[in-house]
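Content type mmCIF, C-alpha atoms, from the file query29.cif:
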```cif
data_model
loop_
_atom_site.label_atom_id
_atom_site.label_comp_id
_atom_site.auth_asym_id
_atom_site.auth_seq_id
_atom_site.Cartn_x
_atom_site.Cartn_y
_atom_site.Cartn_z
CA MET A 8 118.34 66.13 -273.38
CA LYS A 9 120.35 68.53 -271.20
CA ASN A 10 118.77 70.89 -268.67
CA TYR A 11 119.85 74.50 -268.26
CA SER A 12 118.52 76.67 -265.45
CA GLY A 13 119.44 79.92 -263.76
CA PHE A 14 118.45 83.01 -261.84
CA VAL A 15 118.17 86.08 -264.07
CA ASN A 16 117.86 89.19 -261.93
CA ILE A 17 116.63 92.54 -263.27
CA VAL A 18 118.06 95.59 -261.50
CA GLY A 19 118.25 99.32 -262.14
CA ASN A 20 117.06 102.73 -261.05
CA PRO A 21 113.34 103.51 -260.51
CA ASN A 22 111.00 103.90 -263.50
CA VAL A 23 113.25 102.36 -266.14
CA GLY A 24 110.71 99.62 -266.97
CA LYS A 25 111.92 96.62 -264.96
CA SER A 26 108.42 95.42 -264.04
CA THR A 27 107.11 95.84 -267.60
CA LEU A 28 110.01 93.76 -268.91
CA MET A 29 109.56 91.11 -266.23
CA ASN A 30 105.86 90.71 -267.07
CA LEU A 31 106.64 90.43 -270.78
CA LEU A 32 109.33 87.80 -270.25
CA VAL A 33 107.17 85.74 -267.90
CA GLY A 34 104.02 86.15 -269.98
CA GLU A 35 101.94 87.03 -266.91
CA ARG A 36 101.26 90.23 -264.99
CA LEU A 37 103.15 89.45 -261.79
CA SER A 38 104.62 92.89 -261.02
CA ILE A 39 102.45 95.96 -260.61
CA ILE A 40 103.24 98.90 -262.87
CA THR A 41 102.71 102.63 -262.35
CA SER A 42 104.59 105.77 -263.34
CA LYS A 43 105.48 106.43 -259.70
CA ALA A 44 108.86 105.52 -258.24
CA GLN A 45 109.03 102.80 -255.56
CA THR A 46 106.13 100.85 -257.09
CA THR A 47 107.99 97.55 -256.56
CA ARG A 48 108.90 96.93 -252.91
CA HIS A 49 109.90 93.24 -252.94
CA ARG A 50 111.92 90.82 -255.02
CA ILE A 51 109.31 89.01 -257.10
CA LEU A 52 110.18 85.78 -258.91
CA GLY A 53 108.65 84.73 -262.21
CA ILE A 54 109.42 81.25 -263.57
CA VAL A 55 109.55 80.42 -267.28
CA ASN A 56 110.20 77.02 -268.89
CA GLY A 57 110.98 76.14 -272.48
CA GLU A 58 112.83 73.96 -274.93
CA GLY A 59 115.35 74.88 -277.59
CA GLU A 60 118.71 74.08 -279.05
CA ARG A 61 122.23 74.79 -277.87
CA ASP A 62 125.50 73.76 -279.49
CA GLY A 63 123.52 71.65 -281.91
CA GLU A 64 121.77 69.68 -279.16
CA LYS A 65 118.20 69.77 -277.89
CA MET A 66 117.82 71.43 -274.48
CA ARG A 67 115.25 72.14 -271.79
CA TRP A 68 115.58 75.38 -269.89
CA GLN A 69 114.12 77.15 -266.88
CA ILE A 70 114.64 80.83 -266.14
CA VAL A 71 113.85 82.22 -262.70
CA PHE A 72 113.40 85.94 -263.35
CA SER A 73 113.60 88.35 -260.43
CA ASP A 74 112.06 91.83 -260.46
CA THR A 75 113.58 94.14 -257.84
CA PRO A 76 112.85 97.55 -256.31
CA GLY A 77 114.36 100.55 -258.05
CA VAL A 78 117.72 101.50 -256.57
CA LEU A 79 117.49 104.63 -254.40
CA LYS A 80 119.18 106.31 -251.47
CA PRO A 81 117.00 105.28 -248.49
CA ASN A 82 115.26 107.84 -246.29
CA TYR A 83 113.54 105.40 -243.92
CA ARG A 84 113.71 101.76 -242.80
CA LEU A 85 111.39 100.41 -245.51
CA GLN A 86 113.56 101.93 -248.23
CA GLU A 87 116.66 100.46 -246.57
CA GLN A 88 115.16 97.00 -246.94
CA MET A 89 114.11 97.70 -250.53
CA LEU A 90 117.73 98.54 -251.31
CA ARG A 91 118.83 95.28 -249.66
CA PHE A 92 116.45 93.37 -251.94
CA SER A 93 118.14 95.00 -254.95
CA GLU A 94 121.66 94.37 -253.64
CA SER A 95 120.84 90.73 -252.87
CA ALA A 96 120.00 90.30 -256.56
CA LEU A 97 123.68 90.92 -257.35
CA THR A 98 124.87 88.02 -255.21
CA ASP A 99 122.80 85.16 -256.63
CA ALA A 100 122.45 86.10 -260.31
CA ASP A 101 123.52 83.61 -262.96
CA VAL A 102 122.77 86.39 -265.45
CA LEU A 103 122.34 90.03 -264.40
CA VAL A 104 120.11 92.35 -266.41
CA TYR A 105 120.96 95.98 -265.67
CA MET A 106 118.19 98.15 -267.07
CA THR A 107 118.37 101.81 -268.00
CA GLU A 108 116.70 104.33 -270.35
CA GLY A 109 117.24 107.75 -271.89
CA GLN A 110 116.17 109.84 -268.91
CA ASP A 111 118.02 107.68 -266.38
CA GLU A 112 120.81 109.28 -264.36
CA ALA A 113 123.42 106.57 -263.83
CA GLU A 114 125.51 108.66 -261.45
CA LYS A 115 122.71 109.14 -258.92
CA ASN A 116 123.31 105.59 -257.63
CA ALA A 117 127.02 105.33 -258.34
CA ASP A 118 127.67 103.03 -255.34
CA PHE A 119 125.27 100.41 -256.68
CA LEU A 120 126.73 100.72 -260.18
CA GLU A 121 130.22 100.07 -258.77
CA LYS A 122 128.91 96.80 -257.32
CA VAL A 123 127.47 95.90 -260.72
CA LYS A 124 130.88 96.48 -262.31
CA ARG A 125 132.40 93.90 -259.95
CA GLN A 126 129.92 91.21 -261.03
CA LYS A 127 131.43 87.90 -262.10
CA SER A 128 128.27 86.65 -263.83
CA PRO A 129 127.36 87.81 -267.36
CA ILE A 130 125.82 91.29 -267.51
CA LEU A 131 123.24 92.28 -270.10
CA LEU A 132 122.87 96.06 -270.25
CA VAL A 133 119.35 96.80 -271.47
CA ILE A 134 118.56 100.27 -272.82
CA ASN A 135 114.77 100.54 -272.64
CA LYS A 136 112.29 103.01 -274.17
CA ILE A 137 114.33 103.42 -277.35
CA ASP A 138 111.13 104.44 -279.16
CA LEU A 139 111.40 107.74 -277.25
CA LEU A 140 115.00 108.44 -278.34
CA THR A 141 116.51 109.91 -281.48
CA GLN A 142 119.17 107.90 -283.31
CA GLU A 143 121.81 110.37 -282.11
CA SER A 144 120.71 110.12 -278.48
CA LEU A 145 120.63 106.32 -278.63
CA ALA A 146 124.09 106.18 -280.17
CA ALA A 147 125.49 108.49 -277.45
CA LEU A 148 123.79 106.47 -274.72
CA THR A 149 125.10 103.20 -276.13
CA ASP A 150 128.62 104.63 -276.27
CA PHE A 151 128.33 105.81 -272.64
CA TRP A 152 127.37 102.34 -271.43
CA HIS A 153 130.09 100.67 -273.51
CA ARG A 154 132.58 102.81 -271.60
CA THR A 155 130.85 102.45 -268.21
CA LEU A 156 130.28 98.67 -268.34
CA PRO A 157 132.79 97.44 -270.95
CA ASP A 158 132.16 93.75 -270.17
CA ALA A 159 128.40 93.98 -270.62
CA GLU A 160 126.45 93.02 -273.74
CA ILE A 161 124.12 95.85 -274.75
CA PHE A 162 120.53 95.34 -275.89
CA GLN A 163 118.27 98.11 -277.18
CA ILE A 164 114.59 97.47 -276.52
CA SER A 165 111.18 98.99 -275.99
CA ALA A 166 109.37 96.91 -273.39
CA GLN A 167 106.22 98.99 -273.88
CA GLU A 168 106.18 98.15 -277.60
CA ASN A 169 107.57 94.61 -277.10
CA PHE A 170 110.48 95.43 -279.42
CA GLY A 171 113.79 93.60 -278.97
CA VAL A 172 112.51 91.50 -276.05
CA LYS A 173 112.53 88.21 -277.99
CA GLN A 174 116.22 88.66 -278.87
CA LEU A 175 117.03 89.44 -275.24
CA LEU A 176 115.27 86.26 -274.09
CA GLU A 177 117.11 84.17 -276.67
CA ARG A 178 120.47 85.47 -275.42
CA ILE A 179 119.52 84.80 -271.80
CA VAL A 180 118.69 81.18 -272.66
CA GLN A 181 122.12 80.74 -274.26
CA LEU A 182 123.84 82.05 -271.11
CA LEU A 183 122.12 79.71 -268.63
CA PRO A 184 124.39 77.25 -266.81
CA GLU A 185 123.78 73.52 -267.14
CA CYS A 186 121.63 72.72 -264.12
CA PRO A 187 118.42 70.87 -263.20
CA PRO A 188 115.28 73.04 -262.84
CA PHE A 189 114.75 74.74 -259.48
CA PHE A 190 110.93 74.66 -259.59
CA ASP A 191 108.16 72.46 -260.95
CA GLU A 192 107.13 73.30 -264.51
CA GLU A 193 103.63 74.30 -263.38
CA GLN A 194 104.90 76.86 -260.88
CA LEU A 195 104.75 80.47 -262.06
CA THR A 196 106.12 82.29 -259.02
CA ASP A 197 107.30 81.77 -255.46
CA ARG A 198 104.64 84.12 -254.06
CA PRO A 199 101.24 83.03 -252.64
CA GLU A 200 97.94 84.30 -254.02
CA ARG A 201 97.45 86.69 -251.12
CA PHE A 202 100.64 88.55 -252.07
CA PHE A 203 99.19 89.43 -255.48
CA VAL A 204 95.92 90.57 -253.91
CA ASN A 205 97.92 92.98 -251.75
CA GLU A 206 99.91 94.21 -254.75
CA ILE A 207 96.91 94.79 -257.00
CA ILE A 208 95.16 96.83 -254.29
CA ARG A 209 98.35 98.79 -253.64
CA GLU A 210 98.72 99.48 -257.37
CA LYS A 211 95.28 101.13 -257.43
CA ILE A 212 96.25 103.30 -254.47
CA LEU A 213 99.42 104.36 -256.31
CA LEU A 214 97.33 105.31 -259.33
CA LEU A 215 94.50 107.12 -257.49
CA TYR A 216 96.21 109.01 -254.67
CA ASP A 217 98.89 111.72 -254.70
CA LYS A 218 101.88 112.90 -252.71
CA GLU A 219 102.93 110.79 -249.72
CA ILE A 220 99.73 108.74 -249.39
CA PRO A 221 100.70 105.76 -251.64
CA TYR A 222 104.09 105.42 -249.97
CA SER A 223 102.57 105.36 -246.48
CA VAL A 224 100.28 102.46 -247.35
CA GLU A 225 100.60 98.72 -246.78
CA VAL A 226 97.90 96.17 -247.61
CA GLU A 227 97.16 92.92 -245.82
CA VAL A 228 94.60 90.25 -246.72
CA ASP A 229 92.46 89.47 -243.69
CA SER A 230 90.50 86.59 -245.24
CA PHE A 231 90.54 84.72 -248.56
CA LYS A 232 87.75 82.22 -249.22
CA GLU A 233 87.39 80.49 -252.57
CA THR A 234 84.59 78.42 -254.09
CA ALA A 235 84.19 77.12 -257.63
CA GLU A 236 82.38 80.30 -258.70
CA LEU A 237 83.60 83.05 -256.36
CA ILE A 238 86.53 84.34 -254.32
CA SER A 239 85.58 86.41 -251.26
CA ILE A 240 88.39 88.64 -250.02
CA SER A 241 88.58 90.94 -247.03
CA ALA A 242 91.66 93.21 -246.96
CA VAL A 243 92.95 95.98 -244.71
CA ILE A 244 94.70 99.10 -245.99
CA PHE A 245 97.12 100.35 -243.33
CA VAL A 246 98.24 103.98 -243.20
CA GLU A 247 100.61 105.78 -240.84
CA ARG A 248 98.35 108.60 -239.62
CA GLU A 249 94.67 109.32 -238.94
CA SER A 250 94.66 112.14 -241.52
CA GLN A 251 95.75 109.65 -244.19
CA LYS A 252 92.91 107.33 -243.24
CA GLY A 253 90.40 110.05 -244.08
CA ILE A 254 91.99 110.69 -247.45
CA ILE A 255 91.98 106.99 -248.37
CA ILE A 256 88.28 106.68 -247.48
CA GLY A 257 87.27 109.99 -249.10
CA LYS A 258 84.00 111.88 -248.87
CA ALA A 259 81.11 109.47 -248.17
CA GLY A 260 83.56 106.62 -248.75
CA ASN A 261 83.74 107.34 -252.49
CA ALA A 262 87.53 107.16 -252.83
CA LEU A 263 87.70 103.78 -251.12
CA LYS A 264 84.80 102.49 -253.26
CA LYS A 265 86.66 103.47 -256.44
CA THR A 266 89.83 101.77 -255.22
CA GLY A 267 87.86 98.61 -254.46
CA MET A 268 86.05 98.64 -257.80
CA LEU A 269 89.25 98.96 -259.85
CA ALA A 270 91.08 96.37 -257.75
CA ARG A 271 88.19 93.91 -258.02
CA LYS A 272 88.22 94.12 -261.83
CA ASP A 273 91.94 93.32 -261.98
CA LEU A 274 91.58 90.54 -259.41
CA GLU A 275 88.85 88.93 -261.50
CA THR A 276 91.17 89.00 -264.50
CA PHE A 277 94.06 87.62 -262.44
CA PHE A 278 92.09 84.74 -260.90
CA GLY A 279 89.74 84.13 -263.83
CA LYS A 280 86.56 84.17 -261.72
CA LYS A 281 84.20 86.51 -259.87
CA VAL A 282 85.63 88.32 -256.84
CA PHE A 283 83.85 89.91 -253.91
CA LEU A 284 86.22 92.42 -252.30
CA LYS A 285 85.71 94.22 -249.02
CA LEU A 286 88.23 96.89 -247.95
CA PHE A 287 88.89 98.41 -244.51
CA VAL A 288 91.29 101.18 -243.49
CA LYS A 289 93.30 101.18 -240.26
CA VAL A 290 96.17 103.20 -238.79
CA ASP A 291 99.50 101.51 -238.06
CA LYS A 292 101.50 104.47 -236.78
CA ASP A 293 104.92 104.98 -238.42
CA TRP A 294 105.04 101.36 -239.63
CA ARG A 295 107.71 102.16 -242.27
CA GLN A 296 110.22 102.96 -239.53
CA LYS A 297 109.60 99.93 -237.28
CA ASP A 298 111.54 96.71 -237.79
CA GLY A 299 108.86 94.58 -236.14
CA ARG A 300 106.10 95.90 -238.38
CA LEU A 301 108.29 95.56 -241.48
CA ARG A 302 108.89 91.90 -240.63
CA HIS A 303 105.16 91.43 -240.12
CA TYR A 304 104.47 92.80 -243.60
CA GLY A 305 107.10 90.55 -245.20
CA TYR A 306 110.11 92.85 -245.37
CA GLU A 307 112.65 90.57 -243.75
CA LEU A 308 115.55 92.48 -242.23
CA SER A 309 118.94 90.81 -241.97
#
```
Exercise: express the given structure as structure tokens:
Amino acid sequence: MKNYSGFVNIVGNPNVGKSTLMNLLVGERLSIITSKAQTTRHRILGIVNGEGERDGEKMRWQIVFSDTPGVLKPNYRLQEQMLRFSESALTDADVLVYMTEGQDEAEKNADFLEKVKRQKSPILLVINKIDLLTQESLAALTDFWHRTLPDAEIFQISAQENFGVKQLLERIVQLLPECPPFFDEEQLTDRPERFFVNEIIREKILLLYDKEIPYSVEVEVDSFKETAELISISAVIFVERESQKGIIIGKAGNALKKTGMLARKDLETFFGKKVFLKLFVKVDKDWRQKDGRLRHYGYELS
């Protein structure tokens, strides 16, 4: 039986549904999802294995999906690195999934789109959220992308409704190069457990706080102790200014308690056991602009 494996990288502008699609394809909630832009800050890998048939022969396959930050024009050092994560996904893709939707403005990141056009690997142009479009709008959008990326195959899906995703996956499998698997079958992602603790806490901050607060926050696990029945986690929420610290904590600590309660529930679902979560808030002044702090938090600068 032949083996087919490849890196399938999902790129596109913010809020087009990349993380929702990634989670559907992987079958696990690896990427956090909110309606706010810049929710995803890293490249996150999700690994899927399966068996099927190709050219009349039985096959085994492994897809290494990669969720990436939404493409944007950077205003500070953290956003510069987020853009590098997205651009790096163009260089190592065996199959590139460029994702868009009806409200997306392709021209706002024209430089990135030009790089997509120069891709040598197969491009699958995915129009998401088609349940929100009229037939006329969808036809016009499809025609636009036929002209913009003439070499791309176009798929119309609704990730939220899980419509068209199965057909997209089947096409991806058929495009994989013949290659041994990159990871063990049991491995779901390349990220450690602590990474997902950080992300789940950060997701709750994105959902509960407004304006600049969520974008000024980084989360770091201070301790992670696991027994058969319980995981005890201590984590620090870092902000850039003292005034932000007060907002995160809230009156009588109520805002921080709510963040912790919501995060704990999701962590218990993620790990499948009881979680005790303790949160602290500290100031790390202007961390988004400092290369040393970005490296410390896992944003490797080249």
Separation of atom CA of Arg295 of chain A and atom CA of Leu90 of chain A, in Å?
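We find that atom CA of Arg295 of chain A and atom CA of Leu90 of chain A lie 14.0 Å from each other.
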List the neighbours of Gly13 of chain A out to 6 Å using only C-alpha atoms; skip same-chain residues closer than 3 positions along the sequence, and give me the result as a PyMOL selection string.
chain A and resi 70+101+183
Write out as a list in words which residues come within 8 Å of Glu307 of chain A when counting all atoms listed in the file, dropping same-chain ones fewer than 4 positions away.
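Listed by chain and then number, they are Gln88, Leu301 and Arg302 of chain A.
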How would the residues just chosen look if you wrote them out with C-alpha atoms as a CSV table (one decimal), in the coordinates of the input?
```
chain,number,residue,atom,x,y,z
A,88,GLN,CA,115.2,97.0,-246.9
A,301,LEU,CA,108.3,95.6,-241.5
A,302,ARG,CA,108.9,91.9,-240.6
```
Would you place a box with edges along x, y and z of the file around all atoms of segment 198-201 of chain A listed there, add 5 Å to each of its six sides, and report the centre and edge lengths in Å to one decimal, as lines of an AutoDock Vina configuration file?
```
center_x = 101.0
center_y = 84.9
center_z = -252.6
size_x = 17.2
size_y = 13.7
size_z = 12.9
```
Could you state the separation of atom CA of Asp217 of chain A and atom CA of Gly109 of chain A in Å, given to one decimal place?
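Distance reported for this atom pair: 25.5 Å.
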Calculated over only C-alpha atoms, which of the candidates A:Phe72, A:Phe245, A:Phe278, A:Tyr306 has the smallest distance to Gly34 of chain A?
A:Phe72
If the PyMOL selection byres ((chain A and resi 126) around 10) were run on this exact file, what residues would it hold? Put them as a PyMOL selection string.
chain A and resi 97-98+100+102-103+121-125+127-130+158
